[in-house]
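J.: Shown below is the structure under consideration.
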Amino acid sequence: MGGVEVGLELSKLLGSTNGRDKLFRVFQYLMRIVRGSQPKGALLTQRALVVERVLSTSRQTFRLLKWVNVIAKQFTPVVSAAPVVDVLDAAADLCICLFFMFDNLSWLAKATIIKGSGAGFMRRAARFWVAHTVFNVLSQGINIYLIELKRRTLLRSKLSHISLEDEAELRRLRRNQILRGIETIRSSCDTPVSWSLSQYPPNQLSPVLTGSLGVVSSLIGVYQQWPKPA
């Protein structure tokens with residue numbers, strides 16, 4: 001892929017709210033690693049903290065009213081492999097919807113539009129984020145297992161002869177497994193990050209740890225949002 005194509009795809013990524021959010025998130029957590037790896041009070045630590053807070057606030061504006069999209073998603077019929085997956089997905093959607101709502105309240109409190117503690121609202125929001133990541137990991141894990149069962153069943157039934165259509169189906173199932181595995185890794189990285197955010201500062205995890213996990217999760221998010229070729 002040439003530089004022109006990459007530039008065009010990057011511009012498309014930056015043209016979407018989710019794409020900008022994921023790129024900002026990469027730099028936000030990089031700044032967290034920087035401030036966590038430097039002595040407290042150091043000039044670099046202070047500057048990294050300022051940049052991290054600016055990026056965090058900017059990303060909150062991207063998330064305004066995103067809970068509306070989550071609610072709208074519920075009106076789109078989705079065919080799942082098992083009822084338990086439906087329950088887990090519904091629970092994950094409910095939790096992320098509540099996260100966005102409390103996150104919006106945090107932004108409104110920081111902007112002094114409403115009364116309350118912005119940090120307090122964010123801690124409440126993060127607790128729903130924790131639950132969302134756990135439900136999402138469980139849902140993806142079950143889906144990966146069910147896809148593997150389907151692959152093995154197809155291979156056993158076509159043991160003597162695998163047609164081109166069967167090969168295409170096996171490739172599709174394998175790719176689906178890989179994509180769900182990547183999503184599982186992303187949510188697994190976000191679990192400690194969100195848990196730390198839900199705690200008061202003395203109980204939060206190391207900035208280097210949460211920053212590193214946040215960078216991994218954010219890079220996966222960039223990959224997931226990257227424009228796909230037509």
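Naming scheme: A, B, ... for chains in displayed order of the structure tokens; residues 1 onward per chain; ligands 1 onward as shown.
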Hey, what's within 6 Å of Phe121 in chain A if we count only C-alpha atoms and toss same-chain stuff fewer than 2 positions away? As a ChimeraX atom specification, please?
T.: /A:102,106,118-119,123-124
J.: Take the residues that were just selected and, keeping N, CA, C and O atoms, output them as an mmCIF file, in the first residue's frame.
T.:
```
data_model
loop_
_atom_site.group_PDB
_atom_site.id
_atom_site.type_symbol
_atom_site.label_atom_id
_atom_site.label_comp_id
_atom_site.auth_asym_id
_atom_site.auth_seq_id
_atom_site.Cartn_x
_atom_site.Cartn_y
_atom_site.Cartn_z
ATOM 1 N N PHE A 102 -23.409 8.769 32.215
ATOM 2 C CA PHE A 102 -22.669 9.348 33.334
ATOM 3 C C PHE A 102 -21.437 10.114 32.843
ATOM 4 O O PHE A 102 -21.037 11.115 33.444
ATOM 5 N N SER A 106 -20.545 13.924 33.624
ATOM 6 C CA SER A 106 -19.219 14.361 34.071
ATOM 7 C C SER A 106 -18.753 15.575 33.275
ATOM 8 O O SER A 106 -18.232 16.549 33.839
ATOM 9 N N GLY A 118 -17.393 16.367 38.631
ATOM 10 C CA GLY A 118 -17.075 15.693 37.387
ATOM 11 C C GLY A 118 -16.343 14.390 37.624
ATOM 12 O O GLY A 118 -16.617 13.377 36.972
ATOM 13 N N ALA A 119 -15.428 14.390 38.593
ATOM 14 C CA ALA A 119 -14.679 13.171 38.911
ATOM 15 C C ALA A 119 -15.602 12.106 39.494
ATOM 16 O O ALA A 119 -15.451 10.917 39.213
ATOM 17 N N ARG A 123 -16.243 8.381 37.969
ATOM 18 C CA ARG A 123 -16.038 7.115 38.696
ATOM 19 C C ARG A 123 -17.258 6.214 38.557
ATOM 20 O O ARG A 123 -17.131 5.001 38.376
ATOM 21 N N ARG A 124 -18.457 6.815 38.629
ATOM 22 C CA ARG A 124 -19.674 6.018 38.436
ATOM 23 C C ARG A 124 -19.739 5.468 37.013
ATOM 24 O O ARG A 124 -20.108 4.312 36.792
#
```
J.: Which residues are near range 141-146 of chain A? Cut-off 9 Å, only C-alpha atoms, ignore same chain within fewer than 4 positions. Put them as a list in words.
T.: Ser80, Ala81, Ala82, Val84, Val85, Asn136, Val137, Lys150, Arg151, Asn176, Gln177, Ile178, Arg180, Gly181 and Thr184 of chain A
J.: Based on the selection just made, write all heavy atoms of those residues as an mmCIF file, in the first residue's frame.
T.:
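For reference, again.cif as written:
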```
data_model
loop_
_atom_site.group_PDB
_atom_site.id
_atom_site.type_symbol
_atom_site.label_atom_id
_atom_site.label_comp_id
_atom_site.auth_asym_id
_atom_site.auth_seq_id
_atom_site.Cartn_x
_atom_site.Cartn_y
_atom_site.Cartn_z
ATOM 1 N N SER A 80 -28.234 -14.148 16.511
ATOM 2 C CA SER A 80 -27.115 -14.647 17.307
ATOM 3 C C SER A 80 -27.114 -16.169 17.317
ATOM 4 O O SER A 80 -28.076 -16.813 16.881
ATOM 5 C CB SER A 80 -27.188 -14.117 18.739
ATOM 6 O OG SER A 80 -28.312 -14.674 19.402
ATOM 7 N N ALA A 81 -26.027 -16.715 17.846
ATOM 8 C CA ALA A 81 -25.887 -18.173 17.833
ATOM 9 C C ALA A 81 -26.557 -18.847 19.026
ATOM 10 O O ALA A 81 -26.852 -20.032 18.976
ATOM 11 C CB ALA A 81 -24.404 -18.542 17.798
ATOM 12 N N ALA A 82 -26.780 -18.104 20.098
ATOM 13 C CA ALA A 82 -27.335 -18.710 21.305
ATOM 14 C C ALA A 82 -28.024 -17.648 22.154
ATOM 15 O O ALA A 82 -27.604 -16.482 22.153
ATOM 16 C CB ALA A 82 -26.226 -19.392 22.112
ATOM 17 N N VAL A 84 -27.910 -17.172 25.324
ATOM 18 C CA VAL A 84 -27.025 -16.613 26.341
ATOM 19 C C VAL A 84 -26.207 -15.467 25.766
ATOM 20 O O VAL A 84 -25.890 -14.492 26.470
ATOM 21 C CB VAL A 84 -26.104 -17.713 26.926
ATOM 22 C CG1 VAL A 84 -25.144 -18.249 25.864
ATOM 23 C CG2 VAL A 84 -25.322 -17.176 28.124
ATOM 24 N N VAL A 85 -25.876 -15.556 24.477
ATOM 25 C CA VAL A 85 -25.138 -14.464 23.823
ATOM 26 C C VAL A 85 -26.016 -13.223 23.747
ATOM 27 O O VAL A 85 -25.534 -12.097 23.958
ATOM 28 C CB VAL A 85 -24.665 -14.894 22.422
ATOM 29 C CG1 VAL A 85 -24.024 -13.723 21.684
ATOM 30 C CG2 VAL A 85 -23.683 -16.052 22.518
ATOM 31 N N ASN A 136 -18.691 -8.227 27.605
ATOM 32 C CA ASN A 136 -18.225 -8.338 26.219
ATOM 33 C C ASN A 136 -17.222 -9.476 26.066
ATOM 34 O O ASN A 136 -17.267 -10.231 25.093
ATOM 35 C CB ASN A 136 -17.592 -7.018 25.775
ATOM 36 C CG ASN A 136 -17.434 -6.936 24.270
ATOM 37 O OD1 ASN A 136 -18.264 -7.435 23.510
ATOM 38 N ND2 ASN A 136 -16.365 -6.315 23.813
ATOM 39 N N VAL A 137 -16.307 -9.627 27.035
ATOM 40 C CA VAL A 137 -15.334 -10.726 26.985
ATOM 41 C C VAL A 137 -16.056 -12.069 27.024
ATOM 42 O O VAL A 137 -15.735 -12.991 26.256
ATOM 43 C CB VAL A 137 -14.326 -10.619 28.144
ATOM 44 C CG1 VAL A 137 -13.525 -11.915 28.284
ATOM 45 C CG2 VAL A 137 -13.370 -9.448 27.918
ATOM 46 N N LYS A 150 -18.823 -25.007 14.903
ATOM 47 C CA LYS A 150 -19.377 -25.005 13.544
ATOM 48 C C LYS A 150 -18.308 -25.392 12.530
ATOM 49 O O LYS A 150 -18.585 -26.148 11.584
ATOM 50 C CB LYS A 150 -19.935 -23.616 13.228
ATOM 51 C CG LYS A 150 -20.717 -23.552 11.926
ATOM 52 C CD LYS A 150 -21.385 -22.203 11.746
ATOM 53 C CE LYS A 150 -22.203 -22.160 10.460
ATOM 54 N NZ LYS A 150 -22.869 -20.848 10.279
ATOM 55 N N ARG A 151 -17.085 -24.896 12.712
ATOM 56 C CA ARG A 151 -15.989 -25.237 11.805
ATOM 57 C C ARG A 151 -15.704 -26.742 11.831
ATOM 58 O O ARG A 151 -15.558 -27.381 10.790
ATOM 59 C CB ARG A 151 -14.716 -24.469 12.183
ATOM 60 C CG ARG A 151 -14.701 -23.013 11.793
ATOM 61 C CD ARG A 151 -13.381 -22.357 12.142
ATOM 62 N NE ARG A 151 -12.309 -22.867 11.324
ATOM 63 C CZ ARG A 151 -11.341 -23.682 11.740
ATOM 64 N NH1 ARG A 151 -11.300 -24.095 12.988
ATOM 65 N NH2 ARG A 151 -10.394 -24.089 10.907
ATOM 66 N N ASN A 176 -13.818 -14.630 11.230
ATOM 67 C CA ASN A 176 -14.734 -14.186 12.287
ATOM 68 C C ASN A 176 -14.145 -14.500 13.658
ATOM 69 O O ASN A 176 -14.223 -13.686 14.589
ATOM 70 C CB ASN A 176 -16.085 -14.868 12.107
ATOM 71 C CG ASN A 176 -17.186 -14.198 12.905
ATOM 72 O OD1 ASN A 176 -16.950 -13.263 13.659
ATOM 73 N ND2 ASN A 176 -18.400 -14.691 12.748
ATOM 74 N N GLN A 177 -13.553 -15.678 13.796
ATOM 75 C CA GLN A 177 -12.899 -16.047 15.056
ATOM 76 C C GLN A 177 -11.768 -15.087 15.408
ATOM 77 O O GLN A 177 -11.636 -14.650 16.553
ATOM 78 C CB GLN A 177 -12.333 -17.469 14.953
ATOM 79 C CG GLN A 177 -13.299 -18.570 15.340
ATOM 80 C CD GLN A 177 -12.597 -19.909 15.401
ATOM 81 O OE1 GLN A 177 -11.811 -20.253 14.522
ATOM 82 N NE2 GLN A 177 -12.879 -20.674 16.429
ATOM 83 N N ILE A 178 -10.950 -14.764 14.406
ATOM 84 C CA ILE A 178 -9.815 -13.871 14.637
ATOM 85 C C ILE A 178 -10.294 -12.490 15.070
ATOM 86 O O ILE A 178 -9.767 -11.898 16.029
ATOM 87 C CB ILE A 178 -8.942 -13.772 13.372
ATOM 88 C CG1 ILE A 178 -8.260 -15.118 13.100
ATOM 89 C CG2 ILE A 178 -7.900 -12.665 13.511
ATOM 90 C CD1 ILE A 178 -7.541 -15.185 11.778
ATOM 91 N N ARG A 180 -13.116 -11.690 16.487
ATOM 92 C CA ARG A 180 -13.676 -11.751 17.838
ATOM 93 C C ARG A 180 -12.578 -11.931 18.878
ATOM 94 O O ARG A 180 -12.680 -11.438 20.000
ATOM 95 C CB ARG A 180 -14.708 -12.876 17.930
ATOM 96 C CG ARG A 180 -15.991 -12.583 17.162
ATOM 97 C CD ARG A 180 -17.057 -13.620 17.379
ATOM 98 N NE ARG A 180 -18.274 -13.326 16.650
ATOM 99 C CZ ARG A 180 -19.224 -12.487 17.053
ATOM 100 N NH1 ARG A 180 -19.074 -11.850 18.214
ATOM 101 N NH2 ARG A 180 -20.298 -12.273 16.328
ATOM 102 N N GLY A 181 -11.508 -12.633 18.507
ATOM 103 C CA GLY A 181 -10.369 -12.765 19.416
ATOM 104 C C GLY A 181 -9.704 -11.424 19.658
ATOM 105 O O GLY A 181 -9.313 -11.099 20.801
ATOM 106 N N THR A 184 -11.815 -9.499 21.969
ATOM 107 C CA THR A 184 -11.655 -10.013 23.338
ATOM 108 C C THR A 184 -10.415 -9.423 23.995
ATOM 109 O O THR A 184 -10.437 -9.036 25.170
ATOM 110 C CB THR A 184 -11.554 -11.555 23.320
ATOM 111 O OG1 THR A 184 -12.719 -12.096 22.699
ATOM 112 C CG2 THR A 184 -11.436 -12.112 24.734
#
```
J.: Which polymer residues have any atom within 10 Å of an atom of Lys115 in chain A, counting only C-alpha atoms, with same-chain residues fewer than 5 positions away left out, as a list in words?
T.: Leu105, Ser106, Leu108, Ala109 and Lys110 of chain A
J.: So which one's closest to Asn18 in chain A, A:Phe99, A:Tyr200, A:Phe62, A:Phe128? Using only C-alpha atoms, please.
T.: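 Using only C-alpha atoms, Asn18 in chain A sits closest to A:Phe62.
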J.: Would you mind listing what lies within 10 Å of Asp21 in chain A as a tab-separated table (two decimals) with all heavy atoms, in the first residue's frame, with only C-alpha atoms counted and same-chain residues fewer than 3 positions away left out?
T.:
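Resulting contents of around26.tsv:
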```tsv
chain	number	residue	atom	x	y	z
A	13	LEU	N	-10.29	8.17	8.30
A	13	LEU	CA	-10.36	7.82	9.73
A	13	LEU	C	-10.57	9.07	10.57
A	13	LEU	O	-11.41	9.09	11.48
A	13	LEU	CB	-9.08	7.11	10.15
A	13	LEU	CG	-9.02	6.62	11.60
A	13	LEU	CD1	-9.96	5.44	11.81
A	13	LEU	CD2	-7.60	6.22	11.99
A	14	LEU	N	-9.81	10.13	10.26
A	14	LEU	CA	-9.94	11.37	11.01
A	14	LEU	C	-11.28	12.06	10.74
A	14	LEU	O	-11.72	12.89	11.53
A	14	LEU	CB	-8.78	12.32	10.64
A	14	LEU	CG	-7.40	11.89	11.11
A	14	LEU	CD1	-6.33	12.78	10.51
A	14	LEU	CD2	-7.31	11.92	12.63
A	16	SER	N	-14.11	10.61	10.76
A	16	SER	CA	-15.16	9.98	11.58
A	16	SER	C	-14.91	10.28	13.05
A	16	SER	O	-13.77	10.34	13.50
A	16	SER	CB	-15.21	8.47	11.34
A	16	SER	OG	-14.05	7.85	11.87
A	17	THR	N	-15.99	10.45	13.80
A	17	THR	CA	-15.87	10.75	15.23
A	17	THR	C	-15.18	9.62	15.97
A	17	THR	O	-14.29	9.86	16.80
A	17	THR	CB	-17.26	10.99	15.84
A	17	THR	OG1	-17.91	12.06	15.14
A	17	THR	CG2	-17.15	11.37	17.31
A	18	ASN	N	-15.55	8.39	15.67
A	18	ASN	CA	-14.94	7.24	16.35
A	18	ASN	C	-13.46	7.12	16.01
A	18	ASN	O	-12.64	6.77	16.86
A	18	ASN	CB	-15.66	5.94	15.98
A	18	ASN	CG	-17.01	5.82	16.64
A	18	ASN	OD1	-17.25	6.43	17.68
A	18	ASN	ND2	-17.91	5.06	16.05
A	24	PHE	N	-6.94	9.95	19.35
A	24	PHE	CA	-6.71	10.77	20.54
A	24	PHE	C	-6.42	9.88	21.74
A	24	PHE	O	-5.58	10.21	22.58
A	24	PHE	CB	-7.93	11.65	20.83
A	24	PHE	CG	-7.99	12.93	20.03
A	24	PHE	CD1	-7.58	12.96	18.71
A	24	PHE	CD2	-8.45	14.09	20.60
A	24	PHE	CE1	-7.64	14.13	17.97
A	24	PHE	CE2	-8.49	15.28	19.88
A	24	PHE	CZ	-8.10	15.30	18.55
A	25	ARG	N	-7.11	8.76	21.80
A	25	ARG	CA	-6.94	7.85	22.95
A	25	ARG	C	-5.53	7.25	22.97
A	25	ARG	O	-4.96	7.07	24.05
A	25	ARG	CB	-7.99	6.73	22.87
A	25	ARG	CG	-8.13	5.91	24.13
A	25	ARG	CD	-9.31	4.95	24.00
A	25	ARG	NE	-9.60	4.29	25.25
A	25	ARG	CZ	-9.19	3.06	25.57
A	25	ARG	NH1	-8.46	2.37	24.70
A	25	ARG	NH2	-9.50	2.53	26.74
A	26	VAL	N	-4.98	6.95	21.80
A	26	VAL	CA	-3.61	6.43	21.75
A	26	VAL	C	-2.65	7.42	22.40
A	26	VAL	O	-1.85	7.06	23.27
A	26	VAL	CB	-3.18	6.17	20.29
A	26	VAL	CG1	-1.69	5.84	20.24
A	26	VAL	CG2	-3.97	5.03	19.68
A	55	LEU	N	-6.58	15.94	26.20
A	55	LEU	CA	-7.06	14.89	25.30
A	55	LEU	C	-8.28	14.18	25.88
A	55	LEU	O	-9.23	13.87	25.15
A	55	LEU	CB	-5.95	13.88	25.02
A	55	LEU	CG	-4.78	14.38	24.17
A	55	LEU	CD1	-3.64	13.37	24.17
A	55	LEU	CD2	-5.24	14.66	22.74
A	56	SER	N	-8.26	13.95	27.18
A	56	SER	CA	-9.39	13.28	27.84
A	56	SER	C	-10.66	14.11	27.72
A	56	SER	O	-11.74	13.59	27.39
A	56	SER	CB	-9.06	13.02	29.31
A	56	SER	OG	-10.17	12.46	29.98
A	58	SER	N	-11.25	16.46	25.46
A	58	SER	CA	-11.63	16.51	24.05
A	58	SER	C	-12.40	15.27	23.66
A	58	SER	O	-13.40	15.33	22.93
A	58	SER	CB	-10.39	16.65	23.17
A	58	SER	OG	-9.69	17.84	23.46
A	59	ARG	N	-11.95	14.11	24.15
A	59	ARG	CA	-12.62	12.86	23.82
A	59	ARG	C	-14.01	12.81	24.43
A	59	ARG	O	-14.92	12.18	23.86
A	59	ARG	CB	-11.79	11.67	24.30
A	59	ARG	CG	-10.50	11.46	23.51
A	59	ARG	CD	-9.76	10.22	23.97
A	59	ARG	NE	-10.62	9.06	23.84
A	59	ARG	CZ	-10.89	8.23	24.85
A	59	ARG	NH1	-10.39	8.44	26.05
A	59	ARG	NH2	-11.66	7.18	24.65
A	60	GLN	N	-14.20	13.47	25.57
A	60	GLN	CA	-15.53	13.49	26.17
A	60	GLN	C	-16.53	14.21	25.28
A	60	GLN	O	-17.70	13.83	25.22
A	60	GLN	CB	-15.48	14.16	27.55
A	60	GLN	CG	-15.08	13.22	28.68
A	60	GLN	CD	-15.34	13.82	30.04
A	60	GLN	OE1	-14.76	14.84	30.40
A	60	GLN	NE2	-16.21	13.18	30.80
A	61	THR	N	-16.09	15.24	24.57
A	61	THR	CA	-16.99	15.93	23.66
A	61	THR	C	-17.39	15.04	22.49
A	61	THR	O	-18.51	15.14	21.98
A	61	THR	CB	-16.34	17.23	23.12
A	61	THR	OG1	-15.17	16.89	22.37
A	61	THR	CG2	-15.96	18.16	24.25
A	62	PHE	N	-16.49	14.13	22.09
A	62	PHE	CA	-16.83	13.19	21.02
A	62	PHE	C	-17.92	12.21	21.47
A	62	PHE	O	-18.65	11.67	20.64
A	62	PHE	CB	-15.60	12.38	20.59
A	62	PHE	CG	-14.48	13.19	20.01
A	62	PHE	CD1	-13.17	12.72	20.04
A	62	PHE	CD2	-14.71	14.42	19.42
A	62	PHE	CE1	-12.13	13.45	19.49
A	62	PHE	CE2	-13.68	15.17	18.89
A	62	PHE	CZ	-12.39	14.69	18.91
A	63	ARG	N	-17.99	11.99	22.79
A	63	ARG	CA	-18.93	10.99	23.32
A	63	ARG	C	-20.28	11.57	23.72
A	63	ARG	O	-21.13	10.83	24.23
A	63	ARG	CB	-18.30	10.26	24.51
A	63	ARG	CG	-17.05	9.47	24.18
A	63	ARG	CD	-16.68	8.51	25.30
A	63	ARG	NE	-16.32	9.17	26.52
A	63	ARG	CZ	-15.07	9.46	26.89
A	63	ARG	NH1	-14.07	9.16	26.08
A	63	ARG	NH2	-14.81	10.05	28.04
A	218	SER	N	-6.22	0.93	22.47
A	218	SER	CA	-6.49	2.02	21.52
A	218	SER	C	-6.00	1.67	20.12
A	218	SER	O	-6.66	1.99	19.13
A	218	SER	CB	-5.82	3.31	22.00
A	218	SER	OG	-6.26	3.66	23.29
A	221	GLY	N	-8.41	-0.50	18.63
A	221	GLY	CA	-9.55	0.31	18.23
A	221	GLY	C	-9.31	1.04	16.91
A	221	GLY	O	-10.21	1.15	16.07
A	222	VAL	N	-8.08	1.56	16.73
A	222	VAL	CA	-7.73	2.22	15.46
A	222	VAL	C	-7.82	1.21	14.31
A	222	VAL	O	-8.35	1.51	13.24
A	222	VAL	CB	-6.32	2.83	15.54
A	222	VAL	CG1	-5.86	3.29	14.15
A	222	VAL	CG2	-6.28	3.99	16.51
```
J.: What's the separation between CA of Phe135 in chain A and CA of Trp195 in chain A, in Å to one decimal place?
T.: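 Between these atoms lies a distance of 14.1 Å.
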J.: Would you write out, as CSV, a table of all residues in range 145-187 of chain A that have an atom no more than 12 Å from an atom of range 208-216 of chain A, listing for each the closest atom pair and the distance in Å to one decimal, considering only C-alpha atoms and ordering rows by chain and rising residue number?
T.:
```
residue,atom,partner,partner_atom,distance
A:Ile182,CA,A:Val216,CA,10.8
A:Glu183,CA,A:Val216,CA,11.6
A:Ile185,CA,A:Val216,CA,8.9
A:Arg186,CA,A:Val216,CA,7.4
A:Ser187,CA,A:Leu213,CA,10.1
```
J.: Name all residues at most 12 Å from Glu167 in chain A (count only C-alpha atoms; drop same-chain ones fewer than 4 positions away) and give them as a short mmCIF file (atom, residue, chain, number, x, y, z; two decimals) with C-alpha atoms, in the first residue's frame.
T.:
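Contents of part_10.cif, as written:
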```cif
data_model
loop_
_atom_site.label_atom_id
_atom_site.label_comp_id
_atom_site.auth_asym_id
_atom_site.auth_seq_id
_atom_site.Cartn_x
_atom_site.Cartn_y
_atom_site.Cartn_z
CA ARG A 151 -15.99 -25.24 11.81
CA LEU A 154 -18.35 -28.62 8.70
CA LEU A 155 -14.94 -30.29 8.41
CA LYS A 158 -17.12 -32.68 4.31
CA LEU A 159 -14.16 -34.87 5.19
CA HIS A 161 -14.69 -33.65 -0.33
CA ILE A 162 -14.47 -29.93 0.46
CA SER A 163 -15.92 -27.73 -2.27
CA ARG A 171 -12.18 -18.95 5.72
CA ARG A 172 -15.10 -16.72 6.74
CA LEU A 173 -15.54 -18.56 10.02
CA ARG A 174 -11.81 -18.42 10.72
#
```
J.: For the atom pair CA of Ala91 in chain A and CA of His132 in chain A, what is the interatomic distance in Å to one decimal place?
T.: 7.3 Å
J.: Provide the CA of Thr45 in chain A to CA of Leu197 in chain A distance in Å, to one decimal place.
T.: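 If I compute the distance from CA of Thr45 in chain A to CA of Leu197 in chain A, I get 19.1 Å.
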J.: Would you pick out the contacts of Pro77 in chain A at 12 Å or less, using only C-alpha atoms, so that residues sharing its chain but fewer than 4 positions from it are not included, and give the list as a ChimeraX atom specification?
T.: /A:72-73,86
J.: Okay, now the selection with C-alpha atoms, as a tab-separated table (two decimals), in the first residue's frame?
T.:
```
chain	number	residue	atom	x	y	z
A	72	ALA	CA	-31.00	3.01	18.45
A	73	LYS	CA	-28.93	-0.15	17.95
A	86	ASP	CA	-28.24	-12.28	23.42
```
J.: Just checking: using only C-alpha atoms, which residue out of A:Glu148, A:Leu43, A:Leu88, A:Cys189 ends up closest to Leu170 in chain A?
T.: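 Result for the nearest residue to Leu170 in chain A: A:Glu148.
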J.: Quick one: residues within 10 Å of Trp67 in chain A, only C-alpha atoms, excluding same-chain residues fewer than 6 positions away - as number ranges by chain?
T.: A: 73, 93-94, 96-104
J.: Restricting the output to N, CA and C atoms, write the selected residues as a compact mmCIF listing (two decimals), in the first residue's frame.
T.:
```txt
# COMPACT_ATOMS: atom_id res chain seq x y z
N LYS A 73 -29.43 1.17 18.38
CA LYS A 73 -28.93 -0.15 17.95
C LYS A 73 -29.87 -1.27 18.36
N ASP A 93 -24.58 -3.80 26.28
CA ASP A 93 -25.12 -2.57 25.70
C ASP A 93 -25.72 -1.66 26.78
N LEU A 94 -26.43 -2.25 27.74
CA LEU A 94 -27.00 -1.47 28.82
C LEU A 94 -25.91 -0.77 29.62
N ILE A 96 -22.77 -0.01 28.68
CA ILE A 96 -22.06 1.04 27.93
C ILE A 96 -22.96 2.25 27.73
N CYS A 97 -24.27 2.03 27.63
CA CYS A 97 -25.21 3.14 27.53
C CYS A 97 -25.18 3.98 28.81
N LEU A 98 -25.18 3.32 29.97
CA LEU A 98 -25.11 4.03 31.25
C LEU A 98 -23.75 4.71 31.43
N PHE A 99 -22.69 4.07 30.90
CA PHE A 99 -21.37 4.71 30.93
C PHE A 99 -21.40 6.04 30.19
N PHE A 100 -21.96 6.02 28.97
CA PHE A 100 -22.02 7.25 28.18
C PHE A 100 -22.86 8.32 28.88
N MET A 101 -23.96 7.92 29.53
CA MET A 101 -24.81 8.88 30.22
C MET A 101 -24.06 9.57 31.37
N PHE A 102 -23.41 8.77 32.21
CA PHE A 102 -22.67 9.35 33.33
C PHE A 102 -21.44 10.11 32.84
N ASP A 103 -20.85 9.65 31.75
CA ASP A 103 -19.73 10.36 31.15
C ASP A 103 -20.17 11.75 30.67
N ASN A 104 -21.36 11.83 30.08
CA ASN A 104 -21.91 13.12 29.66
C ASN A 104 -22.18 14.02 30.86
```
